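Heads up, the thing below is written out as structure tokens.
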Amino acid sequence: MKDLRLNKRFIFLVIFSFYSVLGLAQELPDQDLFPEYTPPRTPHGTPDISGIWQSFTTANWNILSHPVQAGPFAEQSGAWGAGRAGYGIVEGNELPYQEWAVAEQQRNYETRAVVTAANDPTRFDTGDPELLCFRAGVPRANYMPYPFQIFQTADQILIVYEYKGAYRTIYMDEERPALDASWMGTSNGHWEGNTLVVDVKGFNEHTWLDREGNFASDDLHVTERWTPLSPYHMKYEATIEDPNVFTRPWKMSFILYKHIEENAELKEFNCVPIVEPMFYKPLGFYEEDVSNDP
């Protein structure tokens, strides 16, 4: 029986390695294969994509294809912190890093769980921003394992994310300049037929794309395309440009699924109290009995 289990594991590793070598990412349904879909309209005449949506990829662990992976604290949390194997969401399953950035991504991965005190000026140099409860940024917020809700008006589209209660406004009436560097950037949108096209700029220099340490700079430029395929499915595509980090633009894509449960709603995921011990214990004044009660 033990030999049979080992053989099964070996076969799985061989198959996964084969697909990884081929560089295959997840194959999305061809939009032409869907029956022609005309989404409902809002009162102001634009496609209605409102509702609660969620990605079910494993891209928050790694936007490229990846095997099962132990968490950074496996000796304490065992399988609780482990990540599932998954297909990548990157076209070609390859990131066109500049030579220096390859080493930087590896350093990010190796220090992804290294946390410094809240008052340390180097606190952004190590540690995944998600681990530290910073906002996820774009596009990462859209494929984290949390739902988000889209609201629409004539002039703006608002996206509220369950993770950390983050939100972003997509300006549809007139283009807004990116005045300040921020985690979520500044979003300006327009419709091309039934597809919402969003131009996002104005990021800070701390953006990570996943827990693997893939990253971008403050010169990141994301062009999103949100295309409804049915009442319950939407195709998300993002073209990534960052001449400081990458040698060329590259693209990711995946499917979003709409929650239609009768009681579907966003819950609060306030991670700030969860990470307070990380930040404040080194300073010597964290109160152990701090409550996370509302």
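Going through the structure tokens in order, the chains are called A, B, and so on, while each chain numbers its residues from 1 and the ligands are numbered from 1 in the order shown.
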Excluding range 180-187 of chain A and residues on its chain fewer than 4 positions from it, collect all residues at most 10 Å away from it, counting only C-alpha atoms, and give them as a PDB file with N, CA and C atoms, in the first residue's frame.
ATOM      1  N   PRO A 129       2.896  42.236   1.483  1.00  0.00           N
ATOM      2  CA  PRO A 129       1.931  43.235   1.956  1.00  0.00           C
ATOM      3  C   PRO A 129       0.639  42.613   2.493  1.00  0.00           C
ATOM      4  N   PHE A 134      -1.754  45.244   4.453  1.00  0.00           N
ATOM      5  CA  PHE A 134      -1.845  46.394   3.569  1.00  0.00           C
ATOM      6  C   PHE A 134      -2.818  46.062   2.434  1.00  0.00           C
ATOM      7  N   ARG A 135      -3.301  47.080   1.754  1.00  0.00           N
ATOM      8  CA  ARG A 135      -4.220  46.825   0.649  1.00  0.00           C
ATOM      9  C   ARG A 135      -3.512  46.053  -0.463  1.00  0.00           C
ATOM     10  N   ALA A 136      -4.304  45.276  -1.193  1.00  0.00           N
ATOM     11  CA  ALA A 136      -3.723  44.316  -2.139  1.00  0.00           C
ATOM     12  C   ALA A 136      -3.280  44.949  -3.442  1.00  0.00           C
ATOM     13  N   GLY A 137      -3.839  46.096  -3.808  1.00  0.00           N
ATOM     14  CA  GLY A 137      -3.491  46.699  -5.085  1.00  0.00           C
ATOM     15  C   GLY A 137      -4.255  46.075  -6.243  1.00  0.00           C
ATOM     16  N   VAL A 138      -3.989  46.587  -7.431  1.00  0.00           N
ATOM     17  CA  VAL A 138      -4.618  46.110  -8.669  1.00  0.00           C
ATOM     18  C   VAL A 138      -3.513  45.553  -9.555  1.00  0.00           C
ATOM     19  N   PRO A 139      -3.659  44.354 -10.073  1.00  0.00           N
ATOM     20  CA  PRO A 139      -4.881  43.541 -10.153  1.00  0.00           C
ATOM     21  C   PRO A 139      -5.084  42.567  -9.004  1.00  0.00           C
ATOM     22  N   ARG A 140      -4.159  42.458  -8.053  1.00  0.00           N
ATOM     23  CA  ARG A 140      -4.208  41.374  -7.057  1.00  0.00           C
ATOM     24  C   ARG A 140      -5.518  41.318  -6.290  1.00  0.00           C
ATOM     25  N   ALA A 141      -6.098  42.461  -5.993  1.00  0.00           N
ATOM     26  CA  ALA A 141      -7.339  42.468  -5.216  1.00  0.00           C
ATOM     27  C   ALA A 141      -8.438  41.666  -5.889  1.00  0.00           C
ATOM     28  N   ILE A 157     -18.147  53.873 -11.036  1.00  0.00           N
ATOM     29  CA  ILE A 157     -18.326  52.479 -10.637  1.00  0.00           C
ATOM     30  C   ILE A 157     -17.487  52.288  -9.377  1.00  0.00           C
ATOM     31  N   ALA A 166     -11.172  47.281   1.592  1.00  0.00           N
ATOM     32  CA  ALA A 166     -10.598  48.173   0.577  1.00  0.00           C
ATOM     33  C   ALA A 166     -11.645  48.498  -0.482  1.00  0.00           C
ATOM     34  N   TYR A 167     -11.460  49.610  -1.149  1.00  0.00           N
ATOM     35  CA  TYR A 167     -12.385  49.988  -2.214  1.00  0.00           C
ATOM     36  C   TYR A 167     -11.639  50.813  -3.252  1.00  0.00           C
ATOM     37  N   ARG A 168     -12.238  50.906  -4.415  1.00  0.00           N
ATOM     38  CA  ARG A 168     -11.698  51.773  -5.460  1.00  0.00           C
ATOM     39  C   ARG A 168     -12.847  52.346  -6.263  1.00  0.00           C
ATOM     40  N   THR A 169     -12.668  53.570  -6.721  1.00  0.00           N
ATOM     41  CA  THR A 169     -13.655  54.236  -7.572  1.00  0.00           C
ATOM     42  C   THR A 169     -13.131  54.271  -8.995  1.00  0.00           C
ATOM     43  N   ILE A 170     -13.957  53.829  -9.930  1.00  0.00           N
ATOM     44  CA  ILE A 170     -13.629  53.932 -11.352  1.00  0.00           C
ATOM     45  C   ILE A 170     -14.404  55.122 -11.903  1.00  0.00           C
ATOM     46  N   TYR A 171     -13.682  56.137 -12.324  1.00  0.00           N
ATOM     47  CA  TYR A 171     -14.327  57.357 -12.809  1.00  0.00           C
ATOM     48  C   TYR A 171     -14.716  57.182 -14.274  1.00  0.00           C
ATOM     49  N   MET A 172     -16.003  57.383 -14.558  1.00  0.00           N
ATOM     50  CA  MET A 172     -16.527  57.148 -15.903  1.00  0.00           C
ATOM     51  C   MET A 172     -16.890  58.446 -16.624  1.00  0.00           C
ATOM     52  N   GLU A 175     -11.675  61.951 -17.032  1.00  0.00           N
ATOM     53  CA  GLU A 175     -10.447  61.332 -16.569  1.00  0.00           C
ATOM     54  C   GLU A 175      -9.866  62.099 -15.389  1.00  0.00           C
ATOM     55  N   ARG A 176      -9.522  61.360 -14.353  1.00  0.00           N
ATOM     56  CA  ARG A 176      -8.888  61.958 -13.171  1.00  0.00           C
ATOM     57  C   ARG A 176      -7.395  61.650 -13.209  1.00  0.00           C
ATOM     58  N   VAL A 197     -13.527  48.898 -19.805  1.00  0.00           N
ATOM     59  CA  VAL A 197     -12.080  49.047 -19.931  1.00  0.00           C
ATOM     60  C   VAL A 197     -11.628  50.076 -18.894  1.00  0.00           C
ATOM     61  N   VAL A 198     -10.671  49.687 -18.065  1.00  0.00           N
ATOM     62  CA  VAL A 198     -10.238  50.549 -16.964  1.00  0.00           C
ATOM     63  C   VAL A 198      -8.731  50.757 -17.040  1.00  0.00           C
ATOM     64  N   ASP A 199      -8.315  52.001 -16.997  1.00  0.00           N
ATOM     65  CA  ASP A 199      -6.911  52.391 -16.998  1.00  0.00           C
ATOM     66  C   ASP A 199      -6.523  52.754 -15.564  1.00  0.00           C
ATOM     67  N   VAL A 200      -5.534  52.042 -15.015  1.00  0.00           N
ATOM     68  CA  VAL A 200      -5.171  52.238 -13.611  1.00  0.00           C
ATOM     69  C   VAL A 200      -3.698  52.623 -13.508  1.00  0.00           C
ATOM     70  N   LYS A 201      -3.437  53.771 -12.882  1.00  0.00           N
ATOM     71  CA  LYS A 201      -2.079  54.261 -12.648  1.00  0.00           C
ATOM     72  C   LYS A 201      -2.009  54.860 -11.244  1.00  0.00           C
ATOM     73  N   GLY A 202      -0.821  55.327 -10.873  1.00  0.00           N
ATOM     74  CA  GLY A 202      -0.674  56.027  -9.601  1.00  0.00           C
ATOM     75  C   GLY A 202      -0.469  55.116  -8.411  1.00  0.00           C
ATOM     76  N   PHE A 203       0.283  54.044  -8.587  1.00  0.00           N
ATOM     77  CA  PHE A 203       0.543  53.106  -7.501  1.00  0.00           C
ATOM     78  C   PHE A 203       1.759  53.541  -6.676  1.00  0.00           C
ATOM     79  N   ASN A 204       1.839  52.995  -5.466  1.00  0.00           N
ATOM     80  CA  ASN A 204       3.068  53.170  -4.702  1.00  0.00           C
ATOM     81  C   ASN A 204       4.082  52.110  -5.132  1.00  0.00           C
ATOM     82  N   GLU A 205       5.236  52.104  -4.508  1.00  0.00           N
ATOM     83  CA  GLU A 205       6.316  51.212  -4.945  1.00  0.00           C
ATOM     84  C   GLU A 205       6.341  49.887  -4.191  1.00  0.00           C
ATOM     85  N   HIS A 206       5.254  49.560  -3.464  1.00  0.00           N
ATOM     86  CA  HIS A 206       5.267  48.376  -2.608  1.00  0.00           C
ATOM     87  C   HIS A 206       4.404  47.226  -3.146  1.00  0.00           C
ATOM     88  N   THR A 207       3.918  47.331  -4.363  1.00  0.00           N
ATOM     89  CA  THR A 207       2.963  46.356  -4.881  1.00  0.00           C
ATOM     90  C   THR A 207       3.582  44.976  -5.095  1.00  0.00           C
ATOM     91  N   ASP A 218       6.397  51.594  -8.756  1.00  0.00           N
ATOM     92  CA  ASP A 218       5.417  52.681  -8.767  1.00  0.00           C
ATOM     93  C   ASP A 218       5.132  53.185 -10.179  1.00  0.00           C
ATOM     94  N   ASP A 219       5.809  52.613 -11.177  1.00  0.00           N
ATOM     95  CA  ASP A 219       5.523  52.957 -12.572  1.00  0.00           C
ATOM     96  C   ASP A 219       4.563  51.959 -13.204  1.00  0.00           C
ATOM     97  N   LEU A 220       3.939  51.132 -12.379  1.00  0.00           N
ATOM     98  CA  LEU A 220       2.985  50.132 -12.860  1.00  0.00           C
ATOM     99  C   LEU A 220       1.798  50.790 -13.549  1.00  0.00           C
ATOM    100  N   HIS A 221       1.426  50.232 -14.685  1.00  0.00           N
ATOM    101  CA  HIS A 221       0.257  50.683 -15.442  1.00  0.00           C
ATOM    102  C   HIS A 221      -0.556  49.448 -15.794  1.00  0.00           C
ATOM    103  N   VAL A 222      -1.798  49.400 -15.319  1.00  0.00           N
ATOM    104  CA  VAL A 222      -2.672  48.240 -15.534  1.00  0.00           C
ATOM    105  C   VAL A 222      -3.853  48.665 -16.397  1.00  0.00           C
ATOM    106  N   THR A 223      -4.110  47.911 -17.456  1.00  0.00           N
ATOM    107  CA  THR A 223      -5.297  48.119 -18.284  1.00  0.00           C
ATOM    108  C   THR A 223      -6.198  46.903 -18.126  1.00  0.00           C
ATOM    109  N   GLU A 224      -7.338  47.106 -17.482  1.00  0.00           N
ATOM    110  CA  GLU A 224      -8.271  46.010 -17.207  1.00  0.00           C
ATOM    111  C   GLU A 224      -9.377  45.967 -18.254  1.00  0.00           C
TER     112      GLU A 224
END
Just list as a ChimeraX atom specification whatever in range 39-279 of chain A DSSP marks as strand (DSSP E). /A:51-55,148-152,156-161,167-171,186-192,195-201,221-230,233-241,250-258
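Here CA of Val102 in chain A and CA of Asn244 in chain A stand 12.6 Å from one another.
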Write down as a PyMOL selection string the residues belonging to range 2-217 of chain A that are assigned helix (DSSP H, G or I) by DSSP computed on the backbone. chain A and resi 2-22+31-33+74-81+91-93+99-110+140-142
Pairwise distance for CA of Leu64 in chain A and CA of Asn93 in chain A, rounded to one decimal in Å: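 Separating CA of Leu64 in chain A from CA of Asn93 in chain A is a distance of 5.6 Å.
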